[in-house]
Amino acid sequence: MNSNILKYLNSIRQIKALSDFRVSFLRVNLLFLSITFILIIIESLFYLKTQNRLSVVTYTLSTYLIIHFYIIIRCYLNYKNLFNNSSNESIAKLIGTEFSSIKDKLINVYQLENKLNKDNIVEHELSMHA
């Protein structure tokens, strides 16, 4: 298969994984910042017992860490394309929807390259020069 197409798809996959990571990270931090403010307001209105405060802080902090761990794992899996969760074909379709000049040309080229018979020397040489 033409390595230029694969390099391009991998670079787009990595950019998308990092972008998704940043968006998820910001969303979670904003959510927990608002939750923290709400908890501070609740604490100022109703003085909670130390034991209750400790359990609320523990649950909130553990949830925060677990969600961040999930986001990091998801980003890593998408970045490395483990378990084929962001396949080359889906990335090519995404590029086609974002750029109207490409549309489905990239997906067509990728599918043709996939079906290429590498045992046939003529086909392989022609695809490398195309």
# chains A, B, ... in the order shown; residues from 1 in each chain; ligands from 1
$ closest_atom_pairs --of "range 50-82 of chain A" --to "range 23-33 of chain A" --cutoff "10 Å" --atoms "only C-alpha atoms" --output "tab-separated table"
residue	atom	partner	partner_atom	distance
A:Thr60	CA	A:Phe32	CA	8.3
A:Leu61	CA	A:Phe32	CA	9.2
A:Thr63	CA	A:Phe32	CA	9.5
A:Tyr64	CA	A:Phe32	CA	7.3
A:Ile67	CA	A:Val28	CA	7.8
A:His68	CA	A:Phe25	CA	7.3
A:Ile71	CA	A:Ser24	CA	7.0
A:Ile72	CA	A:Phe25	CA	9.0
A:Cys75	CA	A:Ser24	CA	9.7
$ select_by_dssp --residues "range 19-89 of chain A" --states "alpha helix (DSSP H)" --output "ChimeraX atom specification"
/A:19-45,50-80,88-89
$ decode --residues "range 2-79 of chain A" --atoms "C-alpha atoms" --output "short mmCIF file (atom, residue, chain, number, x, y, z; two decimals), in the first residue's frame"
data_model
loop_
_atom_site.label_atom_id
_atom_site.label_comp_id
_atom_site.auth_asym_id
_atom_site.auth_seq_id
_atom_site.Cartn_x
_atom_site.Cartn_y
_atom_site.Cartn_z
CA ASN A 2 1.13 3.52 -0.71
CA SER A 3 2.85 4.64 2.46
CA ASN A 4 2.08 8.32 1.78
CA ILE A 5 -1.64 7.70 2.17
CA LEU A 6 -1.10 5.74 5.38
CA LYS A 7 1.23 8.42 6.77
CA TYR A 8 -1.34 11.09 5.99
CA LEU A 9 -4.19 9.13 7.59
CA ASN A 10 -2.06 8.38 10.66
CA SER A 11 -1.10 12.03 11.06
CA ILE A 12 -4.76 13.08 10.83
CA ARG A 13 -5.69 10.35 13.33
CA GLN A 14 -3.08 11.62 15.78
CA ILE A 15 -4.18 15.23 15.37
CA LYS A 16 -7.80 14.21 15.93
CA ALA A 17 -6.92 12.14 19.00
CA LEU A 18 -5.03 15.04 20.58
CA SER A 19 -7.80 17.48 19.72
CA ASP A 20 -10.43 15.18 21.24
CA PHE A 21 -8.23 14.84 24.33
CA ARG A 22 -8.00 18.61 24.77
CA VAL A 23 -11.75 19.09 24.36
CA SER A 24 -12.59 16.27 26.78
CA PHE A 25 -10.03 17.50 29.30
CA LEU A 26 -11.45 21.04 29.22
CA ARG A 27 -15.03 19.82 29.52
CA VAL A 28 -14.26 17.64 32.51
CA ASN A 29 -12.29 20.39 34.23
CA LEU A 30 -15.07 22.93 33.68
CA LEU A 31 -17.65 20.46 34.96
CA PHE A 32 -15.66 19.69 38.10
CA LEU A 33 -14.92 23.36 38.65
CA SER A 34 -18.64 24.09 38.66
CA ILE A 35 -19.27 21.09 40.92
CA THR A 36 -16.61 22.38 43.30
CA PHE A 37 -18.26 25.81 43.44
CA ILE A 38 -21.63 24.20 44.09
CA LEU A 39 -20.12 22.11 46.90
CA ILE A 40 -18.51 25.21 48.40
CA ILE A 41 -21.86 27.01 48.34
CA ILE A 42 -23.57 24.01 49.96
CA GLU A 43 -20.86 23.91 52.61
CA SER A 44 -21.22 27.61 53.35
CA LEU A 45 -25.02 27.36 53.64
CA PHE A 46 -25.23 24.10 55.55
CA TYR A 47 -22.25 23.42 57.69
CA LEU A 48 -21.51 19.75 57.01
CA LYS A 49 -19.98 17.42 59.51
CA THR A 50 -16.34 16.56 59.01
CA GLN A 51 -17.17 12.98 58.15
CA ASN A 52 -19.69 14.07 55.49
CA ARG A 53 -17.25 16.60 54.05
CA LEU A 54 -14.55 13.97 53.84
CA SER A 55 -16.81 11.52 52.00
CA VAL A 56 -17.99 14.20 49.53
CA VAL A 57 -14.41 15.27 48.80
CA THR A 58 -13.28 11.66 48.46
CA TYR A 59 -16.05 10.74 46.03
CA THR A 60 -15.59 13.90 44.00
CA LEU A 61 -11.82 13.53 43.78
CA SER A 62 -11.97 9.82 42.94
CA THR A 63 -14.56 10.47 40.21
CA TYR A 64 -12.39 13.26 38.83
CA LEU A 65 -9.33 11.01 38.70
CA ILE A 66 -11.19 8.07 37.18
CA ILE A 67 -12.67 10.25 34.42
CA HIS A 68 -9.24 11.74 33.66
CA PHE A 69 -7.72 8.27 33.54
CA TYR A 70 -10.47 7.20 31.10
CA ILE A 71 -9.79 10.23 28.89
CA ILE A 72 -6.05 9.48 28.81
CA ILE A 73 -6.63 5.81 27.96
CA ARG A 74 -9.14 6.71 25.24
CA CYS A 75 -6.72 9.23 23.73
CA TYR A 76 -3.89 6.68 23.74
CA LEU A 77 -6.06 4.02 22.08
CA ASN A 78 -7.20 6.46 19.39
CA TYR A 79 -3.68 7.85 18.88
#
